[in-house]
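Novice: Structure below; questions to follow.
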Amino acid sequence: MGDLEPAGWERELARHGVEIRTVDDLVPLLKENFGPGPVCLHINSNAVLILHSYSPAKKEGLTATLASRRQRGSAASGTADRHARRTRLESASSSRSPSSWLHSVPGHKSIQSLVCRAYARLTMFGRDACIILSGESGAGKTVACKACIGHLASFSPVCRSESNNKRLGNLLVLIGPLLDAFGNAATTRNDNSSRFGKCIGAVFDFRGNLIGAKIIHYMLERNRVSQRKVGERSFHIFYQLLRGGPGQLLRALRLKSDISNYQYLSRSGSPASAGSTDKSDFAFVLDALKTIGVSEEQITALWQLIAAVLHLGQLKFEKWDEGSTVLNRSQLTMLAELAGISESDMEQFLCFSHCVGGDVRVGIEEAVRRRDILAQAIYDQIFLWLIQVINGVLRPQPDESDSVVRTAGYHETYRNINIVDLYGFEQQEASSFEQMCMNYSCEKLHQVFIANTIKDRLTCFQQEGVPSADIMFSDNSPVCDLFDNTNQGVFTLLDRATCDQNDENPDKSFLDFMDTTVAGHDRYTSRQVDPSDTVLCPFLDFRVQHFAGGVTYTIDGFVSSNTDVMTESIPDLFLRSSNEIMKDLGIHQTRGEMTPNSTVGVNFRNAITNLTDSIEHQDAYHIRCLKPNDTKSQNHFDEVKVRQQCEDLLLCEAHMVEQIGHVYQISYSDFFRRYHRLVDSLRKFRGTLHDGCKQILKRVVPGALECVTFGQSMMFMRSLGPMQTLDEEWDACMVVAEMQVAKSWRAYKLRQCLRTIQQRFSANSSSIEWPAATTPSTAHLITICQKAHRKWLYNRLLSTIPLALRPDMRLKTTGYSLLGGKRQKWGFNRRWHGDYLAVNPAFRSKLKTIKKEAKFENVLFSSKIRKVNKKLKVQDRCILVTDSCIVFLDDGFSITKAPIGLEDVVELRVSSGHDQGMALCCAQRRDYLFSLQFPDVGDDFVGEMVSVICQSISRKHGMCPQVVVGEPIRACLGGENVGVEMDYQFNVKPEFKKTGSHSLTLLWPFPTGTGT
């Protein structure tokens, strides 16, 4: 929030020794520190004062907005709850002097501390909160509202299933500028004035994570579409579309970029300072709409409806018999096409009135009125549709674990922090009905401020028996009663005049009702009540003395503005439209859903009353915004105006309540429930809460009792030092508690998983269906149990095998893993002896010499072979597989070649048949091709030799050579690649036969007893 950077005056405040008791003390200090940035002062622990210097609204692009959002998120504390607890009372020092409410907190930090304080109360005590922004139009409420939203967005977790731009916090930040485009307008007082009220409710789960939000909006000033004061603009989106829309889009909408072409936009002119960013703002709005999930079809339908509103203003009428008809038919055709409504239906609504005897044409004046009403209705429903879309995107999406927590009874409802940003108070020469509603809402919020910061606190001091002081302040309850009275209130009397359909001049009747009923009210006057007040026009004006001064209201148009424009014929017209958005709006505004005889004033009063009633059950926090001048000057400080605002907003009176000395208060029950865990002896405490709280302070914060006053049910602190110390101790306690809870939870899940494994093992010990891992610790446990189960199965199998045969079984297990399912026979059914040459006495006599020359200890496998040399000639040889090498011997058992190290063997190649051919492939293309020779050609010894070689190499070097099964067997002999095919015949001797320069055939007999 670049608009809320500190003004650089904080260090100066620390040198001021002036006590702030009256406005005369406050205004000079504000003037001295007035500058480019905001001046932020703490009125008390629940209210902040912000004085903005005027600057044109700065609207960044979507990328920049999201980037600033990420910077704020990264700057926030990793643990939001702990950060909030430590900063929730940041606004006051541990020893508060009378002027310490002017705390040295930068602009955006002041708002952040207020938001964090509300968040801390929500997480610690489960209290909903409401942050209320108030002040004149142009005082900076919209900027402060965006700052609040930005700080709340820092509590949002990253959505696992969406990209960073879809984070809930980013979406929440985007809604402010998006609503500004459709709901704000430039006035003579403010270039970005909110013409609607809103309450943004941020929803938090039981962990304190932001999981959603909801927007409630209040009365859009829809008559601004068709009429407004000179020097003011309509809603921003019209100008943004015309100045920022691409040419292709404008041509499709039959629009031109020149604003003077459109009656609705040019009839009042516009402020000179407005419109400089319309083009870039349109790009931002378009990106924001796409970001919140609006489809391309809906965006097109939206632009068509906005263009239809502009084209409605271009319709002209001429006299037709006793009625009227559309003069420019081509404009009507264009309008009907954009709105998706037939030309006849559109003309029927504008120029005809339904009567008992049939449809009757209306006059030109009535047709113009209907045209304006339709334009206002379309735009009002567009705004409602946008709110519905945003609420759909921000709808709370609970985590899956929330249902488990609710089922366990730990969570019933979500908690909310609401940001209330209604209208700015305005005093004009002739105020309208809409401005009366806006000022009424400001009056109600001022009443809430008085109740929260002054009346309720003084009443609490009195009830608790705490010393206080008599503070005089202006109560605005009489003004609120003037509007709220259900029998004689302003809205009730206006309803009475509105419902009288036979009255030819209902506006005058309303003023007559007022003069007759509330003439004695000290906050109301008119020319008829006080003839000496020559400022008021007779039978036209009345004045209400609001908290911020008297406002003159002109009754012209009051009754028509109080009538809901959504009459029965407009929803029917919407339903017949082919425009996607307009049709949806018609469905939501069917006759069955409308309130009979509802009026704008009563509905607005009820909505504001419901809002203020809900605030009574929440912790209220206030941001009071001041306006330095009425000329939109960045450097001018109007001392008279600022003084008047300080007096009207009761800033000094609210501060004087806290000057009594009680900067923080908390009930005994809340204090004891939260902090009793810090003292072990209080976990089973049976005394009174008063005594328990004293013991906590005495044990944890020695000396804190000196700055605490104990009431009947609450304790009041003159310093925030004890609370800060308690929160630090609470944080340390929570770290230990979190570790203990996590440890207990892991143990519980491990026991639960182990019981499941035991049950499944009892049901079927040979084949267990392993449970799914729910946590890392259970995954580790399942892995350990799987290893133990495999070892148990292995030992159970070995227990059935004699000890003498177990080494043999280990080798066969290796052979099965290498050749099982790949080779017809690999010797599994016979006994493996390994050293088959040991039966030869001549071999035994030379074994000692061979060991010495080849340097090995044990012979693992030996056999006679038929070896093929590099010239493809066959020789009788012997092969020894030892614990360190492979040795080739001649017929006399002498070493013929240098021994081959086991580490040099890289691959073994055998066929898939029952022959005994084999290729031993070594590094550097040194291969050996041979066949094993045994008396019984029906037995298979290849599997044994392959298993012995692989097991030896694996044990010694931790790796296993590759075993290739298939024909032909290929080997590199003398630098040439040779392939060996298999030929199985009857009654032949095993022999290699040369079939080509680089090919051989191994003849091998069929086993005995087999047929062709």
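By order of appearance in the structure tokens: chains A, B, ..., then residues from 1 within every chain, and ligands from 1 in the order shown.
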Show which residues sit within 7 Å of segment 366-380 of chain A, as a list in words. Count only C-alpha atoms, and ignore same-chain residues fewer than 6 positions away.

Specialist: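 Near neighbours after the sequence-gap exclusion: Leu220, Arg222, Asn223, Val225, Ser226, Val309, Leu312, Leu350, Cys351, Val565 and Met566 of chain A.
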
Novice: Near segment 606-612 of chain A, counting only C-alpha atoms, which residues have an atom at most 8 Å away, once you skip same-chain residues fewer than 6 positions from it, shown as JSON, numbers by chain?

Specialist: {"A": [218, 441, 444, 445, 448]}

Novice: Write out as number ranges by chain the residues lying within 7 Å of segment 857-868 of chain A, counting only C-alpha atoms and excluding same-chain residues fewer than 3 positions away.

Specialist: A: 834-837, 851, 872-883, 929-933, 945, 948

Novice: Determine, counting only C-alpha atoms, which protein, DNA and RNA residues have an atom within 9 Å of an atom of Ile660 of chain A; residues of the same chain fewer than 4 positions away are not included. Present the result as a list in words.

Specialist: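 So the residues in contact are Pro467, Ser468, Ala469, Met656 and Arg718 of chain A.
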
Novice: Skip segment 506-520 of chain A itself and residues of its chain fewer than 3 positions away, then list as a PyMOL selection string all residues within 6 Å of it, counting only C-alpha atoms.

Specialist: chain A and resi 494+497+503+555+559

Novice: Any chance you could export the current selection's all heavy atoms as an mmCIF file, in the first residue's frame?

Specialist:
```
data_model
loop_
_atom_site.group_PDB
_atom_site.id
_atom_site.type_symbol
_atom_site.label_atom_id
_atom_site.label_comp_id
_atom_site.auth_asym_id
_atom_site.auth_seq_id
_atom_site.Cartn_x
_atom_site.Cartn_y
_atom_site.Cartn_z
ATOM 1 N N LEU A 494 -41.730 8.950 4.940
ATOM 2 C CA LEU A 494 -41.482 8.895 3.501
ATOM 3 C C LEU A 494 -42.201 7.698 2.879
ATOM 4 O O LEU A 494 -42.734 7.800 1.762
ATOM 5 C CB LEU A 494 -39.974 8.814 3.232
ATOM 6 C CG LEU A 494 -39.536 8.770 1.769
ATOM 7 C CD1 LEU A 494 -40.030 9.995 1.015
ATOM 8 C CD2 LEU A 494 -38.016 8.663 1.674
ATOM 9 N N ALA A 497 -45.868 8.604 2.326
ATOM 10 C CA ALA A 497 -46.087 9.417 1.129
ATOM 11 C C ALA A 497 -45.889 8.606 -0.144
ATOM 12 O O ALA A 497 -46.577 8.818 -1.147
ATOM 13 C CB ALA A 497 -45.139 10.615 1.145
ATOM 14 N N ASP A 503 -51.848 10.568 -4.690
ATOM 15 C CA ASP A 503 -51.312 11.898 -4.392
ATOM 16 C C ASP A 503 -50.595 12.444 -5.629
ATOM 17 O O ASP A 503 -49.698 11.799 -6.180
ATOM 18 C CB ASP A 503 -50.332 11.824 -3.215
ATOM 19 C CG ASP A 503 -50.035 13.194 -2.631
ATOM 20 O OD1 ASP A 503 -50.266 14.201 -3.335
ATOM 21 O OD2 ASP A 503 -49.572 13.246 -1.484
ATOM 22 N N ILE A 555 -36.542 18.146 -1.259
ATOM 23 C CA ILE A 555 -37.456 17.002 -1.342
ATOM 24 C C ILE A 555 -37.785 16.627 -2.779
ATOM 25 O O ILE A 555 -38.400 15.583 -3.013
ATOM 26 C CB ILE A 555 -38.768 17.302 -0.591
ATOM 27 C CG1 ILE A 555 -39.493 18.494 -1.260
ATOM 28 C CG2 ILE A 555 -38.491 17.563 0.872
ATOM 29 C CD1 ILE A 555 -40.887 18.726 -0.712
ATOM 30 N N VAL A 559 -39.638 10.898 -3.313
ATOM 31 C CA VAL A 559 -40.566 9.763 -3.394
ATOM 32 C C VAL A 559 -40.196 8.851 -4.551
ATOM 33 O O VAL A 559 -40.201 7.619 -4.422
ATOM 34 C CB VAL A 559 -42.018 10.266 -3.516
ATOM 35 C CG1 VAL A 559 -42.960 9.100 -3.811
ATOM 36 C CG2 VAL A 559 -42.435 10.964 -2.222
#
```

Novice: Per residue of segment 322-424 of chain A within 10 Å of segment 274-290 of chain A, which atom pair is closest and at what distance in Å (one decimal), using only C-alpha atoms, listed by chain and increasing number, as a tab-separated table?

Specialist:
```
residue	atom	partner	partner_atom	distance
A:Leu386	CA	A:Leu289	CA	9.4
A:Val389	CA	A:Leu289	CA	9.6
A:Ile390	CA	A:Leu289	CA	9.4
```

Novice: Using only C-alpha atoms, which residues sit within 8 Å of His52 of chain A once same-chain residues fewer than 2 positions away are excluded, as a list in words?

Specialist: Gly37, Pro38, Val39, Ile50, Tyr54, Ala139, Gly140, Cys625, Leu626, Lys627 and Pro628 of chain A

Novice: Just to be explicit: take each residue in the selection above, keep N, CA, C and O atoms, and write the result as a short mmCIF file (atom, residue, chain, number, x, y, z; two decimals), in the first residue's frame.

Specialist:
```cif
data_model
loop_
_atom_site.label_atom_id
_atom_site.label_comp_id
_atom_site.auth_asym_id
_atom_site.auth_seq_id
_atom_site.Cartn_x
_atom_site.Cartn_y
_atom_site.Cartn_z
N GLY A 37 2.73 11.98 3.30
CA GLY A 37 2.17 10.73 3.76
C GLY A 37 1.07 10.94 4.79
O GLY A 37 0.77 12.05 5.19
N PRO A 38 0.45 9.85 5.25
CA PRO A 38 -0.61 9.97 6.25
C PRO A 38 -0.05 10.18 7.65
O PRO A 38 1.00 9.66 7.99
N VAL A 39 -0.76 10.97 8.44
CA VAL A 39 -0.45 11.13 9.86
C VAL A 39 -1.37 10.19 10.62
O VAL A 39 -2.59 10.33 10.55
N ILE A 50 -6.47 8.79 11.17
CA ILE A 50 -5.59 8.92 10.00
C ILE A 50 -5.94 10.21 9.28
O ILE A 50 -7.09 10.44 8.91
N TYR A 54 -4.18 14.85 0.28
CA TYR A 54 -4.83 14.42 -0.95
C TYR A 54 -3.80 14.03 -2.00
O TYR A 54 -2.80 14.71 -2.21
N ALA A 139 -11.88 11.55 2.60
CA ALA A 139 -10.95 11.53 3.74
C ALA A 139 -9.99 10.36 3.70
O ALA A 139 -9.10 10.27 4.55
N GLY A 140 -10.14 9.43 2.75
CA GLY A 140 -9.20 8.32 2.63
C GLY A 140 -9.70 7.01 3.16
O GLY A 140 -8.90 6.12 3.45
N CYS A 625 -11.04 8.82 9.73
CA CYS A 625 -10.26 9.48 8.70
C CYS A 625 -10.59 10.97 8.64
O CYS A 625 -11.77 11.35 8.66
N LEU A 626 -9.55 11.80 8.57
CA LEU A 626 -9.72 13.25 8.49
C LEU A 626 -9.35 13.73 7.09
O LEU A 626 -8.45 13.19 6.44
N LYS A 627 -10.00 14.79 6.66
CA LYS A 627 -9.75 15.39 5.36
C LYS A 627 -9.11 16.75 5.58
O LYS A 627 -9.64 17.60 6.29
N PRO A 628 -7.93 17.00 4.98
CA PRO A 628 -7.21 18.24 5.30
C PRO A 628 -7.82 19.48 4.66
O PRO A 628 -7.64 20.58 5.18
#
```

Novice: How far is it from atom CA of Phe671 of chain A to atom CA of Cys693 of chain A, in Å with one decimal?

Specialist: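 Taking atom CA of Phe671 of chain A and atom CA of Cys693 of chain A, their separation equals 7.0 Å.
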
Novice: One decimal, Å: what's the distance from atom CA of Val420 of chain A over to atom CA of Lys198 of chain A, could you say?

Specialist: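 Separation between atom CA of Val420 of chain A and atom CA of Lys198 of chain A: 6.1 Å.
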
Novice: Here is a test: counting only C-alpha atoms, which residue of A:Leu384, A:Met438, A:Ala129, A:Leu902 is nearest to Gln951 of chain A?

Specialist: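 Ranked by minimum distance to Gln951 of chain A, first place goes to A:Leu902.
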
Novice: Enumerate the residues of segment 625-870 of chain A with a DSSP assignment of strand (DSSP E or B), computed from the backbone, and present them as an MDAnalysis selection string.

Specialist: chainID A and resid 625:626 664:667 708:710 714:717 835 859:868

Novice: With only C-alpha atoms as the basis for distance, which of A:Glu769, A:Glu337, A:Glu653, A:Asp495 is at the shortest distance from Asp475 of chain A?

Specialist: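 Using only C-alpha atoms, Asp475 of chain A sits closest to A:Glu653.
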
Novice: When you draw a straight line from atom CA of Arg790 of chain A to atom CA of Ile953 of chain A, how long is it in Å?

Specialist: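 The value is 24.4 Å.
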
Novice: Could you check which of A:Ser569, A:Asn987, A:Asn190, A:Asn44 is closest to Phe349 of chain A, using only C-alpha atoms?

Specialist: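 Residue with the minimum atom-to-atom distance to Phe349 of chain A: A:Ser569.
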